[in-house]
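Enquirer: A single structure is presented below for examination.
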Amino acid sequence: MNAADTPQTLRGAGLRPTLGRTTVLNLMAQAGGAPRCCEDLYRSAMQAGRALNVSSIAHALADLERAGFIERFTSKEERRLYYRLPVRAQAGPGQPLVLEHHGRRTRLDDPLIALRLARWLADQGEVLGEGDTLVVRIERGTPSVSDGTGH
């Protein structure tokens, strides 16, 4: 995820791009899928010159998890909560996303839609790879044709 696109991506999910949310999402993206705990993110934010407290980071993590940007898991060894970008969706936002309707294709450039579709596909057991294009086809049901006999 590009840091410049973060505010637009958050708005697309219905979230205000606050300092906490944008900082946490950018730090998670910089981690490249590596798990991070709240304290790790706090230290990274302080090193980056962002004046955030642990409570603000925890609230941002909860908001980002609810929106589907990150996922939470518990370390059994440390009994600590960790967060990471969804592994199954990392290929999603950069994937070409195309809407097909009546044989006409239109490219969609909404990373949130691509992310959610990639996550849904992963839940179905389908993983998008590099170079794959995701095509969403709209088909309307056709009415049944009567043969004139009333059956």
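Order determines the names: the first chain of the structure tokens is A, the second B, and so forth; residues in each chain are numbered 1 upward, and ligands are numbered 1 upward as they are shown.
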Can you pull out every residue within 6 Å of Glu71 of chain A, counting only C-alpha atoms, but drop anything in the same chain fewer than 5 positions away, and send it as an MDAnalysis selection string?

Expert: chainID A and resid 65 83:84 86

Enquirer: Go ahead and dump the residues you just picked, C-alpha atoms, as a tab-separated table (two decimals), in the first residue's frame.

Expert:
```tsv
chain	number	residue	atom	x	y	z
A	65	GLU	CA	-9.56	-4.70	12.02
A	83	TYR	CA	-1.82	-7.75	14.12
A	84	ARG	CA	-0.81	-8.12	10.48
A	86	PRO	CA	-4.23	-10.32	5.92
```

Enquirer: Name all residues at most 9 Å from Ala67 of chain A (count only C-alpha atoms; drop same-chain ones fewer than 4 positions away) and give them as a PyMOL selection string.

Expert: chain A and resi 10+13-15+62-63

Enquirer: Pick from A:Ser56, A:Val98, A:Gly32, A:Arg105: nearest to Leu134 of chain A, with only C-alpha atoms counted?

Expert: A:Val98

Enquirer: At a cut-off of 9 Å, using only C-alpha atoms, what residues contact Val136 of chain A? Leave out same-chain residues fewer than 6 positions from it and give the result as a ChimeraX atom specification.

Expert: /A:97-101

Enquirer: Got time to write the residues from that selection, C-alpha atoms, as a compact mmCIF listing (two decimals), in the first residue's frame?

Expert:
```
# COMPACT_ATOMS: atom_id res chain seq x y z
CA LEU A 97 -9.97 -5.45 -11.22
CA VAL A 98 -12.33 -5.40 -14.20
CA LEU A 99 -16.11 -5.09 -14.29
CA GLU A 100 -17.74 -6.82 -17.28
CA HIS A 101 -21.28 -5.91 -18.29
```

Enquirer: Atom CA of Pro7 of chain A and atom CA of Leu41 of chain A are how many Å apart?

Expert: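 For atom CA of Pro7 of chain A relative to atom CA of Leu41 of chain A, the distance reads 18.7 Å.
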
Enquirer: What is the distance between atom CA of Cys38 of chain A and atom CA of Tyr82 of chain A, in Å to one decimal?

Expert: 7.4 Å

Enquirer: Quick check, in Å to one decimal: how far apart do atom CA of Ala31 of chain A and atom CA of Leu85 of chain A lie?

Expert: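 Result for atom CA of Ala31 of chain A versus atom CA of Leu85 of chain A: 8.8 Å, one decimal.
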
Enquirer: Set the distance at 12 Å and use only C-alpha atoms: which residues neighbour Glu39 of chain A once local chain neighbours fewer than 3 positions away are removed? I'd like the list as JSON, numbers by chain.

Expert: {"A": [24, 35, 36, 42, 43, 44, 45, 46, 52, 53, 54, 55, 56, 57, 58, 61, 80, 81, 82, 83]}
